[in-house]
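K.L.:
Provided below: model.csv, containing CSV, C-alpha atoms and all ligand atoms.
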```csv
chain,number,residue,atom,x,y,z
A,1,MET,CA,25.3,-20.9,-7.7
A,2,ARG,CA,25.0,-18.7,-4.7
A,3,LEU,CA,21.8,-20.1,-3.2
A,4,GLN,CA,22.2,-23.8,-4.2
A,5,ASP,CA,19.5,-25.8,-2.3
A,6,LYS,CA,18.6,-22.9,0.0
A,7,VAL,CA,14.9,-22.9,0.8
A,8,ALA,CA,13.4,-19.4,0.5
A,9,ILE,CA,9.9,-17.9,0.9
A,10,ILE,CA,9.3,-14.9,-1.3
A,11,THR,CA,6.2,-12.8,-0.5
A,12,GLY,CA,4.6,-10.7,-3.2
A,13,ALA,CA,6.3,-13.0,-5.7
A,14,GLY,CA,3.6,-12.9,-8.4
A,15,THR,CA,4.4,-9.5,-9.8
A,16,GLY,CA,6.9,-6.6,-10.0
A,17,ILE,CA,10.0,-6.8,-7.9
A,18,GLY,CA,8.9,-10.1,-6.2
A,19,GLU,CA,8.6,-11.9,-9.6
A,20,ALA,CA,12.2,-10.8,-10.4
A,21,ILE,CA,13.5,-12.0,-7.0
A,22,ALA,CA,11.8,-15.4,-7.7
A,23,HIS,CA,13.5,-15.9,-11.0
A,24,LYS,CA,16.8,-14.6,-9.8
A,25,PHE,CA,16.8,-16.9,-6.7
A,26,ALA,CA,15.8,-19.9,-9.0
A,27,ARG,CA,18.8,-19.2,-11.2
A,28,GLU,CA,21.0,-19.2,-8.1
A,29,GLY,CA,19.7,-22.7,-7.2
A,30,ALA,CA,17.1,-21.9,-4.5
A,31,LEU,CA,14.1,-24.0,-3.7
A,32,LEU,CA,11.1,-21.6,-3.5
A,33,VAL,CA,7.8,-20.9,-2.0
A,34,LEU,CA,6.2,-18.1,-3.9
A,35,ALA,CA,3.5,-16.3,-1.9
A,36,GLY,CA,0.9,-13.7,-3.0
A,37,LEU,CA,-2.8,-12.8,-2.8
A,38,PRO,CA,-5.3,-15.2,-4.4
A,39,ALA,CA,-5.6,-13.0,-7.5
A,40,ASP,CA,-1.8,-12.8,-8.0
A,41,PRO,CA,-0.1,-14.8,-10.8
A,42,VAL,CA,2.2,-16.7,-8.3
A,43,ALA,CA,1.3,-20.1,-9.9
A,44,ASP,CA,2.3,-18.7,-13.3
A,45,VAL,CA,5.7,-17.6,-12.0
A,46,ALA,CA,6.1,-21.0,-10.3
A,47,GLN,CA,5.4,-22.8,-13.5
A,48,ALA,CA,7.8,-20.6,-15.5
A,49,ILE,CA,10.5,-21.4,-13.0
A,50,ALA,CA,9.7,-25.2,-13.2
A,51,ARG,CA,9.8,-25.0,-17.0
A,52,ALA,CA,13.3,-23.6,-16.7
A,53,GLY,CA,14.3,-26.5,-14.5
A,54,GLY,CA,13.9,-24.9,-11.0
A,55,ARG,CA,11.7,-25.8,-8.1
A,56,ALA,CA,8.9,-23.5,-6.9
A,57,GLU,CA,5.7,-24.0,-5.0
A,58,ALA,CA,2.9,-21.4,-5.2
A,59,TYR,CA,1.1,-20.2,-2.0
A,60,CYS,CA,-2.0,-18.0,-2.4
A,61,GLY,CA,-3.4,-16.2,0.7
A,62,ASP,CA,-3.5,-12.9,2.5
A,63,LEU,CA,-0.3,-12.9,4.5
A,64,ALA,CA,-1.7,-10.3,6.9
A,65,ASP,CA,-4.0,-13.0,8.2
A,66,GLU,CA,-2.5,-15.1,10.9
A,67,PRO,CA,-3.5,-18.6,9.8
A,68,GLN,CA,-2.6,-17.9,6.2
A,69,ALA,CA,0.9,-16.6,7.1
A,70,ARG,CA,1.4,-19.6,9.4
A,71,ALA,CA,0.3,-21.9,6.6
A,72,CYS,CA,2.7,-20.3,4.1
A,73,VAL,CA,5.7,-21.1,6.4
A,74,ASP,CA,4.4,-24.6,7.1
A,75,LEU,CA,4.3,-25.2,3.3
A,76,ALA,CA,8.0,-24.5,3.0
A,77,LEU,CA,8.7,-26.9,5.8
A,78,ARG,CA,6.4,-29.6,4.4
A,79,LYS,CA,7.8,-29.4,0.9
A,80,PHE,CA,11.4,-28.7,1.5
A,81,GLY,CA,12.1,-29.7,5.2
A,82,ALA,CA,13.8,-26.4,6.2
A,83,LEU,CA,13.8,-22.7,5.7
A,84,ASP,CA,16.9,-20.7,5.0
A,85,VAL,CA,15.6,-17.3,3.7
A,86,LEU,CA,12.5,-15.2,4.1
A,87,VAL,CA,12.1,-12.4,1.6
A,88,SER,CA,9.4,-10.2,3.1
A,89,ASN,CA,8.5,-8.2,0.0
A,90,ALA,CA,4.7,-8.0,-0.2
A,91,GLY,CA,3.1,-4.6,0.0
A,92,ILE,CA,0.6,-2.2,-1.4
A,93,PHE,CA,0.7,1.4,-2.7
A,94,ILE,CA,-2.9,2.2,-3.3
A,95,ALA,CA,-3.6,5.9,-2.6
A,96,ASN,CA,-2.4,9.3,-3.6
A,97,ALA,CA,-3.9,12.0,-1.3
A,98,GLU,CA,-2.5,14.6,1.1
A,99,THR,CA,-2.7,13.5,4.7
A,100,ASP,CA,-6.0,15.3,5.6
A,101,ALA,CA,-7.6,13.7,2.5
A,102,TYR,CA,-6.1,10.3,2.9
A,103,ARG,CA,-8.9,7.8,3.5
A,104,ILE,CA,-8.8,6.0,6.8
A,105,GLU,CA,-9.6,2.7,5.0
A,106,ASP,CA,-6.5,3.2,2.8
A,107,PHE,CA,-4.4,3.9,5.8
A,108,ASP,CA,-5.6,0.6,7.4
A,109,ARG,CA,-5.1,-1.4,4.2
A,110,THR,CA,-1.5,0.0,3.9
A,111,ILE,CA,-0.6,-0.9,7.5
A,112,ARG,CA,-2.1,-4.3,7.1
A,113,SER,CA,-0.3,-5.3,3.9
A,114,ASN,CA,3.0,-3.5,4.5
A,115,ILE,CA,3.5,-4.0,8.2
A,116,ARG,CA,1.4,-6.9,9.5
A,117,THR,CA,2.5,-9.2,6.7
A,118,ALA,CA,6.2,-8.6,7.6
A,119,PHE,CA,5.6,-9.1,11.3
A,120,LEU,CA,3.6,-12.3,11.0
A,121,MET,CA,5.9,-13.9,8.4
A,122,SER,CA,9.0,-13.0,10.5
A,123,LYS,CA,7.3,-14.3,13.7
A,124,PHE,CA,6.5,-17.7,12.1
A,125,ALA,CA,9.7,-18.0,10.1
A,126,LEU,CA,12.2,-17.2,12.8
A,127,PRO,CA,12.2,-20.5,14.7
A,128,HIS,CA,13.1,-22.2,11.5
A,129,LEU,CA,15.6,-19.6,10.4
A,130,ARG,CA,17.4,-20.0,13.8
A,131,ALA,CA,17.6,-23.8,13.0
A,132,SER,CA,19.3,-23.1,9.6
A,133,ARG,CA,21.2,-19.9,10.6
A,134,GLY,CA,19.3,-18.2,7.9
A,135,ASN,CA,18.3,-14.7,7.1
A,136,ILE,CA,15.4,-12.3,6.4
A,137,ILE,CA,15.4,-9.5,3.8
A,138,PHE,CA,12.7,-7.0,3.9
A,139,THR,CA,11.7,-4.6,1.1
A,140,GLY,CA,11.9,-1.2,2.6
A,141,SER,CA,12.0,2.0,0.5
A,142,GLU,CA,13.8,5.3,0.1
A,143,ALA,CA,10.3,6.6,1.2
A,144,GLY,CA,11.0,5.1,4.6
A,145,LEU,CA,14.0,7.3,5.0
A,146,ASN,CA,12.9,10.5,3.3
A,147,GLY,CA,9.1,10.5,3.8
A,148,SER,CA,6.7,10.5,0.9
A,149,PRO,CA,4.5,13.6,0.3
A,150,GLY,CA,1.1,12.6,-1.0
A,151,PHE,CA,1.7,9.0,0.2
A,152,THR,CA,2.6,9.7,3.9
A,153,PRO,CA,1.2,6.5,5.4
A,154,TYR,CA,3.1,4.5,2.8
A,155,GLY,CA,6.4,6.1,3.7
A,156,GLY,CA,5.6,5.7,7.3
A,157,SER,CA,5.0,2.0,6.9
A,158,LYS,CA,8.4,1.6,5.3
A,159,GLY,CA,10.0,3.5,8.1
A,160,PHE,CA,8.5,1.0,10.5
A,161,LEU,CA,10.0,-1.9,8.5
A,162,HIS,CA,13.5,-0.3,8.7
A,163,ALA,CA,13.4,0.0,12.5
A,164,PHE,CA,11.7,-3.4,12.8
A,165,MET,CA,14.5,-5.0,10.7
A,166,LYS,CA,17.2,-3.4,12.8
A,167,GLY,CA,15.6,-4.7,16.0
A,168,VAL,CA,15.3,-8.2,14.6
A,169,ALA,CA,18.9,-8.1,13.4
A,170,LEU,CA,20.2,-7.2,16.9
A,171,GLU,CA,17.9,-9.6,18.7
A,172,GLN,CA,18.6,-12.6,16.4
A,173,ALA,CA,22.3,-12.1,15.9
A,174,PRO,CA,23.1,-14.4,19.0
A,175,TYR,CA,21.2,-17.1,17.2
A,176,GLY,CA,23.2,-16.7,13.9
A,177,VAL,CA,20.3,-15.1,12.0
A,178,ARG,CA,20.9,-12.0,9.8
A,179,ALA,CA,18.3,-9.4,8.8
A,180,ASN,CA,18.6,-6.7,6.2
A,181,CYS,CA,16.4,-4.3,4.2
A,182,VAL,CA,16.7,-3.3,0.6
A,183,CYS,CA,15.4,0.2,0.0
A,184,PRO,CA,14.5,0.8,-3.6
A,185,GLY,CA,13.8,4.2,-5.2
A,186,PRO,CA,11.2,4.4,-8.1
A,187,ILE,CA,11.2,1.0,-9.8
A,188,ASP,CA,9.5,0.3,-13.1
A,189,THR,CA,6.4,-1.7,-11.9
A,190,ALA,CA,2.7,-1.0,-11.8
A,191,TRP,CA,3.4,1.5,-9.0
A,192,THR,CA,5.3,4.0,-11.0
A,193,ARG,CA,4.0,3.5,-14.6
A,194,GLY,CA,0.7,2.8,-16.2
A,195,ALA,CA,-3.0,3.4,-15.7
A,196,ASP,CA,-3.2,1.3,-12.5
A,197,SER,CA,-0.8,3.5,-10.6
A,198,PRO,CA,-2.1,5.9,-7.9
A,199,ILE,CA,0.5,8.4,-9.4
A,200,GLY,CA,-1.2,10.4,-12.2
A,201,PRO,CA,0.2,10.7,-15.7
A,202,ALA,CA,1.8,14.1,-15.3
A,203,GLU,CA,3.6,13.0,-12.1
A,204,GLN,CA,4.6,9.8,-13.7
A,205,ALA,CA,6.3,11.7,-16.5
A,206,SER,CA,8.4,13.7,-14.1
A,207,ILE,CA,9.7,10.7,-12.0
A,208,ASP,CA,12.9,10.0,-14.1
A,209,ALA,CA,14.0,13.7,-13.8
A,210,MET,CA,13.9,13.4,-10.0
A,211,VAL,CA,16.3,10.5,-10.1
A,212,PRO,CA,20.0,11.4,-10.5
A,213,LEU,CA,20.6,8.4,-12.7
A,214,GLY,CA,17.8,9.7,-14.9
A,215,ARG,CA,15.5,6.6,-14.9
A,216,ARG,CA,13.5,4.2,-12.9
A,217,GLY,CA,15.3,1.1,-11.7
A,218,THR,CA,14.3,-2.3,-13.1
A,219,PRO,CA,12.9,-5.1,-10.9
A,220,GLU,CA,16.0,-7.2,-11.9
A,221,GLU,CA,18.4,-4.6,-10.6
A,222,ILE,CA,16.7,-4.9,-7.2
A,223,ALA,CA,16.5,-8.7,-7.3
A,224,ASN,CA,20.3,-8.8,-7.8
A,225,ILE,CA,20.8,-7.2,-4.4
A,226,PHE,CA,18.4,-9.6,-2.7
A,227,ALA,CA,20.4,-12.5,-4.2
A,228,PHE,CA,23.6,-11.2,-2.7
A,229,LEU,CA,22.2,-10.4,0.7
A,230,ALA,CA,20.5,-13.8,1.0
A,231,SER,CA,23.7,-15.6,0.2
A,232,ASP,CA,26.7,-16.6,2.3
A,233,GLU,CA,28.7,-13.9,0.5
A,234,ALA,CA,26.9,-11.4,2.7
A,235,SER,CA,27.8,-13.3,5.9
A,236,TYR,CA,29.1,-10.0,7.6
A,237,VAL,CA,26.0,-7.9,6.6
A,238,THR,CA,23.2,-7.5,9.1
A,239,GLY,CA,21.1,-4.6,10.3
A,240,ALA,CA,21.8,-2.9,7.0
A,241,LEU,CA,19.6,-0.5,5.0
A,242,TRP,CA,20.7,-1.2,1.5
A,243,LEU,CA,19.7,1.8,-0.7
A,244,ALA,CA,19.2,1.1,-4.4
A,245,ASP,CA,17.5,4.3,-5.4
A,246,GLY,CA,19.4,5.7,-8.3
A,247,GLY,CA,20.7,8.5,-6.0
A,248,VAL,CA,17.2,9.9,-4.9
A,249,THR,CA,18.1,10.0,-1.3
A,250,PRO,CA,21.0,12.5,-1.4
A,251,ALA,CA,19.6,14.4,-4.5
A,252,LYS,CA,18.9,18.1,-4.1
A,253,SER,CA,17.7,19.0,-7.6
A,254,ASP,CA,16.4,17.5,-10.8
A,255,ILE,CA,19.9,16.2,-11.8
A,256,GLY,CA,18.2,13.4,-13.7
A,257,ALA,CA,16.8,15.8,-16.3
A,258,ARG,CA,20.4,16.5,-17.3
A,259,VAL,CA,21.3,12.8,-18.0
A,260,GLY,CA,21.6,12.0,-21.7
A,261,ALA,CA,19.4,9.5,-23.5
A,262,GLU,CA,22.1,6.9,-23.9
A,263,LEU,CA,22.9,6.9,-20.1
A,264,ARG,CA,19.1,6.6,-19.3
A,265,ARG,CA,18.9,3.2,-21.0
A,266,ALA,CA,18.1,0.5,-18.4
A,267,PRO,CA,20.3,-2.6,-18.7
A,268,ASP,CA,18.8,-5.4,-20.8
A,269,GLY,CA,18.8,-7.9,-17.9
A,270,ALA,CA,18.9,-11.7,-18.0
A,271,LEU,CA,15.5,-12.6,-16.6
A,272,THR,CA,12.3,-13.2,-18.5
A,273,LEU,CA,9.6,-11.4,-16.5
A,274,ARG,CA,5.9,-11.4,-17.5
A,275,HIS,CA,4.1,-9.6,-14.6
A,276,THR,CA,6.2,-6.5,-14.0
A,277,HIS,CA,3.2,-4.2,-14.3
A,278,ASP,CA,0.5,-6.4,-12.9
A,279,GLY,CA,0.7,-5.7,-9.2
A,280,LEU,CA,-2.2,-3.4,-8.9
A,281,ARG,CA,-4.6,-5.4,-11.2
A,282,GLY,CA,-8.0,-5.7,-9.4
A,283,LYS,CA,-7.0,-3.6,-6.4
A,284,GLU,CA,-9.0,-0.5,-5.5
A,285,VAL,CA,-6.7,2.6,-6.0
A,286,TYR,CA,-7.7,6.0,-4.7
A,287,ARG,CA,-6.4,9.2,-6.4
A,288,ALA,CA,-7.3,12.4,-4.7
A,289,ARG,CA,-4.5,14.2,-6.6
A,290,SER,CA,-3.8,13.6,-10.3
B,301,LIG,N1,7.9,0.0,-7.3
B,301,LIG,C1,8.5,0.9,-6.5
B,301,LIG,O1,8.8,2.0,-7.0
B,301,LIG,C2,9.0,0.5,-5.1
B,301,LIG,C3,9.8,1.4,-4.5
B,301,LIG,C4,10.3,1.2,-3.2
B,301,LIG,C5,9.9,0.0,-2.6
B,301,LIG,N2,9.0,-0.9,-3.2
B,301,LIG,C6,8.6,-2.1,-2.5
B,301,LIG,O2,8.8,-3.2,-3.3
B,301,LIG,C7,7.8,-4.2,-2.9
B,301,LIG,C8,7.2,-4.7,-4.2
B,301,LIG,O3,6.6,-3.7,-4.9
B,301,LIG,P1,6.3,-3.7,-6.5
B,301,LIG,O4,6.6,-2.4,-7.0
B,301,LIG,O5,7.0,-4.9,-7.1
B,301,LIG,O6,4.7,-3.9,-6.5
B,301,LIG,P2,3.7,-5.1,-6.9
B,301,LIG,O7,2.4,-4.6,-6.6
B,301,LIG,O8,4.0,-5.6,-8.3
B,301,LIG,O9,4.2,-6.2,-5.8
B,301,LIG,C9,3.6,-6.4,-4.5
B,301,LIG,C10,3.0,-7.7,-4.4
B,301,LIG,O10,2.6,-8.0,-3.0
B,301,LIG,C11,1.3,-8.6,-3.0
B,301,LIG,N3,0.7,-8.4,-1.7
B,301,LIG,C12,0.2,-7.2,-1.2
B,301,LIG,N4,-0.4,-7.4,-0.1
B,301,LIG,C13,-0.3,-8.7,0.2
B,301,LIG,C14,-0.8,-9.6,1.2
B,301,LIG,N5,-1.5,-9.0,2.3
B,301,LIG,N6,-0.6,-10.9,1.2
B,301,LIG,C15,0.1,-11.4,0.1
B,301,LIG,N7,0.6,-10.7,-0.9
B,301,LIG,C16,0.4,-9.3,-0.9
B,301,LIG,C17,0.6,-7.8,-4.2
B,301,LIG,O11,-0.6,-8.5,-4.6
B,301,LIG,C18,1.7,-7.8,-5.2
B,301,LIG,O12,1.7,-8.9,-6.0
B,301,LIG,C19,6.9,-3.5,-2.0
B,301,LIG,O13,7.1,-3.9,-0.6
B,301,LIG,C20,7.1,-2.1,-2.2
B,301,LIG,O14,6.9,-1.3,-1.0
B,301,LIG,C21,8.6,-0.6,-4.5
```
Do you think you could lay out the structure here as structure tokens?
Ligand SMILES: NC(=O)c1ccc[n+]([C@@H]2O[C@H](COP(=O)([O-])OP(=O)(O)OC[C@H]3O[C@@H](n4cnc5c(N)ncnc54)[C@H](O)[C@@H]3O)[C@@H](O)[C@H]2O)c1
P.N.:
Amino acid sequence: MRLQDKVAIITGAGTGIGEAIAHKFAREGALLVLAGLPADPVADVAQAIARAGGRAEAYCGDLADEPQARACVDLALRKFGALDVLVSNAGIFIANAETDAYRIEDFDRTIRSNIRTAFLMSKFALPHLRASRGNIIFTGSEAGLNGSPGFTPYGGSKGFLHAFMKGVALEQAPYGVRANCVCPGPIDTAWTRGADSPIGPAEQASIDAMVPLGRRGTPEEIANIFAFLASDEASYVTGALWLADGGVTPAKSDIGARVGAELRRAPDGALTLRHTHDGLRGKEVYRARS
């Protein structure tokens, strides 16, 4: 197992990609602290992992709040005595409006959950990661490279994370700490499918055609990359933006529309996930465009 007895904190672990990372890390032998907002099903994910023979503690709190972020890191130390990996994955995608119509409160919420959480968790985790020669993996986005019309602050928040990660990687290399960023394209979570998404039904229907591989990625396909980057197998990887976007970044046309039905089938996967589309439950979502 690639993460045997490694202690990892995963933020945003109750739903979507974070839930998949939690199950994947558990299968690889990691000891986990699963963090999310109070309404997130992190306890449910922790229980599912425990039933399968793994070890996971749930932590509920707003990680953009200094005492709560600090308490999350403290929990890992208290329960497991060390910290080897921080997966900084928490984030929100809660508005769809052109920049002039984008509500200031939505901009502030986006910066808070996407940037401040990552900064605070990194700040509090780093002394312990230095002790273990551990690593941080952030969830960036192809939107952080390419920009994101209709969601400009979201793309900007991910661009921040990409540059922040590179700075951390260079700064912490002398201490033996690695930092990397996984940059997904459209993944099949509440953000790109279903009534909770800020993306309207017509736009949702055209997503797959914009992806050269002709489909959204699955949370498990993204979790697989986190497991590799977190492990000692990635010992020479730091400061990297790891694209997993189905080819969206270099795409120049609707190549995905030409992909046949058989090739569009997502892999079956090995993980049992229950909260893939629950990430936006109870969150206020603003749609100026449908
Ligand atoms: N789904 C996509 O298409 C996609 C594409 C690129 C990048 N991403 C990134 O992947 C990550 C996970 O997204 P997802 O699609 O799984 O969505 P999701 O909504 O299922 O997961 C995000 C989780 O983070 C939690 N969270 C948000 N703010 C928090 C805070 N302040 N404190 C604690 N927890 C908080 C949410 O409640 C939620 O459970 C995000 O960082 C997102 O930017 C997603």
K.L.:
Excluding Arg103 (chain A) and its own-chain neighbours fewer than 3 positions away, which residues fall within 12 Å of it when counting all atoms listed in the file? Please give them as an MDAnalysis selection string.
P.N.:
chainID A and resid 94:100 106:110 150:153 285:288
K.L.:
Using only C-alpha atoms, collect all residues at a distance of at most 10 Å from (11.5, 3.3, -11.6) as written in the file, then present them as a VMD selection string.
P.N.:
chain A and resid 184 to 193 204 207 to 208 211 214 to 219 245 to 246 266
K.L.:
What's the separation between CA of Ala118 (chain A) and atom O11 of ligand LIG 301 (chain B), in Å to one decimal place?
P.N.:
14.0 Å
K.L.:
Could you check which of A:Pro212, A:Gly200, A:Gly81, A:Pro67 is closest to Ala251 (chain A), using only C-alpha atoms?
P.N.:
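Distance minimum relative to Ala251 (chain A) lands on A:Pro212.
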K.L.:
Give me, as a ChimeraX atom specification, the set of residues whose atoms come within 7 Å of any atom of ligand LIG 301 (chain B), counting only C-alpha atoms and all ligand atoms.
P.N.:
/A:11-18,35-37,40,61-64,89-93,112-114,117,139-143,183-192,276-280
K.L.:
Considering only C-alpha atoms, state which residue in the set A:Asn146, A:Ala101, A:Leu86, A:Phe124 is at the smallest distance from Arg178 (chain A).
P.N.:
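When distances to Arg178 (chain A) are compared using only C-alpha atoms, the smallest one comes from A:Leu86.
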K.L.:
Smallest atom-to-atom distance to Asp5 (chain A): which of A:Cys60, A:Ala20, A:Leu83, A:Leu126, using all atoms listed in the file?
P.N.:
A:Leu83
K.L.:
Contacts of Val182 (chain A) at 8 Å or less, counting only C-alpha atoms, minus same-chain residues fewer than 4 places along, as a list in words?
P.N.:
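My list of contacting residues is Ile137, Phe138, Thr139, Gly140, Ser141, Ile222, Ile225, Phe226, Leu241, Trp242, Leu243 and Ala244 of chain A.
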K.L.:
Work out how far CA of Ile199 (chain A) is from CA of Ile255 (chain A), in Å to one decimal.
P.N.:
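If I compute the distance from CA of Ile255 (chain A) to CA of Ile199 (chain A), I get 21.0 Å.
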K.L.:
Could you give me, as a compact mmCIF listing (two decimals) with C-alpha atoms, keeping the file's coordinate frame, the residues within 7 Å of Lys166 (chain A), counting all atoms listed in the file and dropping anything in the same chain fewer than 4 positions from it?
P.N.:
```txt
# COMPACT_ATOMS: atom_id res chain seq x y z
CA HIS A 162 13.50 -0.30 8.70
CA LEU A 170 20.20 -7.20 16.90
CA GLY A 239 21.10 -4.60 10.30
```
K.L.:
Pick out the closest residue to Arg2 (chain A) from this set: A:Asp44, A:Glu19, A:Glu28, A:Glu262. Count all atoms listed in the file.
P.N.:
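For Arg2 (chain A), the nearest of the given residues is A:Glu28.
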K.L.:
What is the distance, in Å and to one decimal place, between CA of Ala169 (chain A) and CA of Ile115 (chain A)?
P.N.:
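Between these atoms lies a distance of 16.8 Å.
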K.L.:
Looking at all atoms listed in the file, which of A:Leu213, A:Leu3, A:Val33, A:Ala58 is the one that sits closest to Asp232 (chain A)?
P.N.:
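Smallest separation from Asp232 (chain A) among the options: A:Leu3.
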